[in-house]
Amino acid sequence: MISQGCFENYFWLEGPGRKIALDALSEGEIITSYEAVDILCLANLMHQETVHQLIAADMAARGRTIDYESANTQEETRRLTLEAFEVLGDDRFREILREAEAVVRKNLGVPETNAEWLPWFLTAPVH
């Protein structure tokens with residue numbers, strides 16, 4: 001189970017954790033709402049950390065330093081990310097987001113599916 005702090009900081013329904021949690025549900029890897037919330041928050045946390053690592057590595061390759069660990073507020077983190085976006089550009093940023101999702105999925109063991117998650121009563125055979 002995730003901590004209260006993790007829940008409060010990483011329960012975002014618009015983040016990558018939502019799709020990862022839905023894929024885990026559709027694959028039967030998780031079944032309870034508690035597990036769904038856990039994986040959603042954990043995936044969002046892992047995704048954010050991975051994105052920051054990839055951004056820092058790309059910026060270092062360009063001779064620039066981005067130190068997310070020194071950011072004390074969300075506003076400082078946003079400022080650093082915007083700074084990196086201006087250097088790396090839209091295409092590379094989108095690539096970083098996809099790479100981070102692949103890393104998170106691998107670490108959590110959740111494959112990407114094309115399945116649309118539906119509640120059990122919509123997937124039951126019609127008689």
# chains A, B, ... in the order shown; residues from 1 in each chain; ligands from 1
$ residues_around --residues "region 33-40 of chain A" --least-positions-apart "6" --cutoff "7 Å" --atoms "only C-alpha atoms" --output "PyMOL selection string"
chain A and resi 1-2+11+17-18+20-21
$ write_last_selection --atoms "C-alpha atoms" --output "compact mmCIF listing (two decimals), in the first residue's frame"
# COMPACT_ATOMS: atom_id res chain seq x y z
CA MET A 1 0.00 0.00 0.00
CA ILE A 2 1.17 3.50 -0.81
CA PHE A 11 -3.18 10.72 -7.42
CA GLY A 17 -0.70 6.20 -14.19
CA ARG A 18 -4.35 6.14 -15.22
CA ILE A 20 -1.19 1.99 -16.81
CA ALA A 21 -3.71 1.16 -14.06
$ select_by_dssp --residues "region 7-49 of chain A" --states "alpha helix (DSSP H)" --output "ChimeraX atom specification"
/A:7-10,16-26,33-49
$ write_last_selection --atoms "N, CA and C atoms" --output "compact mmCIF listing (two decimals), in the first residue's frame"
# COMPACT_ATOMS: atom_id res chain seq x y z
N PHE A 7 -0.17 9.19 -2.02
CA PHE A 7 -1.51 9.38 -2.55
C PHE A 7 -1.79 10.85 -2.82
N GLU A 8 -1.50 11.69 -1.83
CA GLU A 8 -1.80 13.12 -1.97
C GLU A 8 -0.98 13.78 -3.08
N ASN A 9 0.23 13.31 -3.30
CA ASN A 9 1.09 13.92 -4.31
C ASN A 9 0.95 13.34 -5.71
N TYR A 10 0.50 12.10 -5.83
CA TYR A 10 0.54 11.42 -7.13
C TYR A 10 -0.79 10.84 -7.60
N PRO A 16 -0.03 9.56 -16.59
CA PRO A 16 0.18 8.27 -17.25
C PRO A 16 -0.23 7.08 -16.38
N GLY A 17 -0.30 7.28 -15.09
CA GLY A 17 -0.70 6.20 -14.19
C GLY A 17 -2.10 5.68 -14.46
N ARG A 18 -2.98 6.56 -14.94
CA ARG A 18 -4.35 6.14 -15.22
C ARG A 18 -4.38 5.06 -16.29
N LYS A 19 -3.70 5.29 -17.40
CA LYS A 19 -3.68 4.31 -18.49
C LYS A 19 -2.97 3.03 -18.04
N ILE A 20 -1.92 3.17 -17.30
CA ILE A 20 -1.19 1.99 -16.81
C ILE A 20 -2.08 1.19 -15.86
N ALA A 21 -2.80 1.86 -14.98
CA ALA A 21 -3.71 1.16 -14.06
C ALA A 21 -4.84 0.48 -14.83
N LEU A 22 -5.39 1.16 -15.84
CA LEU A 22 -6.45 0.55 -16.65
C LEU A 22 -5.93 -0.67 -17.40
N ASP A 23 -4.71 -0.59 -17.91
CA ASP A 23 -4.13 -1.75 -18.59
C ASP A 23 -3.90 -2.90 -17.62
N ALA A 24 -3.47 -2.58 -16.40
CA ALA A 24 -3.27 -3.62 -15.39
C ALA A 24 -4.61 -4.28 -15.05
N LEU A 25 -5.67 -3.50 -14.97
CA LEU A 25 -7.01 -4.06 -14.73
C LEU A 25 -7.44 -4.95 -15.89
N SER A 26 -7.26 -4.46 -17.11
CA SER A 26 -7.72 -5.24 -18.26
C SER A 26 -6.93 -6.53 -18.44
N SER A 33 -10.04 -2.00 -6.16
CA SER A 33 -9.89 -0.55 -6.30
C SER A 33 -8.66 -0.07 -5.53
N TYR A 34 -8.33 -0.73 -4.44
CA TYR A 34 -7.13 -0.36 -3.69
C TYR A 34 -5.88 -0.58 -4.53
N GLU A 35 -5.84 -1.70 -5.22
CA GLU A 35 -4.69 -1.98 -6.09
C GLU A 35 -4.63 -0.98 -7.24
N ALA A 36 -5.78 -0.59 -7.77
CA ALA A 36 -5.81 0.38 -8.86
C ALA A 36 -5.27 1.73 -8.42
N VAL A 37 -5.68 2.16 -7.23
CA VAL A 37 -5.17 3.44 -6.71
C VAL A 37 -3.68 3.33 -6.44
N ASP A 38 -3.24 2.21 -5.88
CA ASP A 38 -1.81 2.01 -5.63
C ASP A 38 -1.00 2.11 -6.91
N ILE A 39 -1.41 1.38 -7.93
CA ILE A 39 -0.63 1.36 -9.16
C ILE A 39 -0.72 2.70 -9.88
N LEU A 40 -1.86 3.36 -9.82
CA LEU A 40 -2.00 4.68 -10.43
C LEU A 40 -1.00 5.66 -9.81
N CYS A 41 -0.98 5.73 -8.49
CA CYS A 41 -0.08 6.66 -7.80
C CYS A 41 1.39 6.27 -7.99
N LEU A 42 1.68 4.99 -7.86
CA LEU A 42 3.06 4.53 -8.03
C LEU A 42 3.55 4.78 -9.45
N ALA A 43 2.70 4.53 -10.44
CA ALA A 43 3.09 4.77 -11.83
C ALA A 43 3.33 6.25 -12.09
N ASN A 44 2.48 7.12 -11.54
CA ASN A 44 2.70 8.55 -11.71
C ASN A 44 4.00 9.00 -11.06
N LEU A 45 4.28 8.49 -9.85
CA LEU A 45 5.54 8.80 -9.16
C LEU A 45 6.73 8.34 -9.97
N MET A 46 6.70 7.08 -10.40
CA MET A 46 7.83 6.52 -11.16
C MET A 46 8.01 7.25 -12.48
N HIS A 47 6.91 7.60 -13.12
CA HIS A 47 6.98 8.31 -14.40
C HIS A 47 7.64 9.68 -14.21
N GLN A 48 7.21 10.40 -13.19
CA GLN A 48 7.79 11.72 -12.94
C GLN A 48 9.29 11.62 -12.68
N GLU A 49 9.69 10.67 -11.84
CA GLU A 49 11.11 10.51 -11.54
C GLU A 49 11.91 10.13 -12.80
$ closest_residue --among "A:Glu99, A:Lys106, A:Ile55, A:Glu14" --to "Glu86 (chain A)" --atoms "only C-alpha atoms"
A:Ile55
$ residues_around --residues "Val87 (chain A)" --least-positions-apart "4" --cutoff "12 Å" --atoms "only C-alpha atoms" --output "VMD selection string"
chain A and resid 55 to 56 58 to 66 80 to 83 91 to 93
$ atom_distance --atom1 "CA of Ile96 (chain A)" --atom2 "CA of Gly5 (chain A)"
26.1 Å
$ closest_residue --among "A:Thr77, A:Leu88, A:Val110, A:Val51" --to "Ile30 (chain A)" --atoms "only C-alpha atoms"
A:Val110
$ decode --residues "region 94-114 of chain A" --atoms "C-alpha atoms" --output "PDB file, in the first residue's frame"
ATOM      1  CA  ARG A  94       7.263  13.790 -26.299  1.00  0.00           C
ATOM      2  CA  GLU A  95       9.895  11.115 -26.861  1.00  0.00           C
ATOM      3  CA  ILE A  96      11.032  11.432 -23.239  1.00  0.00           C
ATOM      4  CA  LEU A  97       7.439  10.982 -22.031  1.00  0.00           C
ATOM      5  CA  ARG A  98       7.059   7.818 -24.144  1.00  0.00           C
ATOM      6  CA  GLU A  99      10.430   6.457 -22.965  1.00  0.00           C
ATOM      7  CA  ALA A 100       9.477   7.107 -19.338  1.00  0.00           C
ATOM      8  CA  GLU A 101       6.163   5.299 -19.754  1.00  0.00           C
ATOM      9  CA  ALA A 102       7.957   2.293 -21.262  1.00  0.00           C
ATOM     10  CA  VAL A 103      10.367   2.205 -18.295  1.00  0.00           C
ATOM     11  CA  VAL A 104       7.506   2.388 -15.790  1.00  0.00           C
ATOM     12  CA  ARG A 105       5.528  -0.329 -17.567  1.00  0.00           C
ATOM     13  CA  LYS A 106       8.589  -2.585 -17.620  1.00  0.00           C
ATOM     14  CA  ASN A 107       9.308  -1.993 -13.931  1.00  0.00           C
ATOM     15  CA  LEU A 108       5.690  -2.621 -12.934  1.00  0.00           C
ATOM     16  CA  GLY A 109       5.234  -5.519 -15.355  1.00  0.00           C
ATOM     17  CA  VAL A 110       2.231  -3.931 -17.061  1.00  0.00           C
ATOM     18  CA  PRO A 111       2.129  -4.314 -20.844  1.00  0.00           C
ATOM     19  CA  GLU A 112       0.464  -1.692 -22.988  1.00  0.00           C
ATOM     20  CA  THR A 113      -2.862  -2.912 -24.293  1.00  0.00           C
ATOM     21  CA  ASN A 114      -5.205  -1.642 -26.928  1.00  0.00           C
TER      22      ASN A 114
END
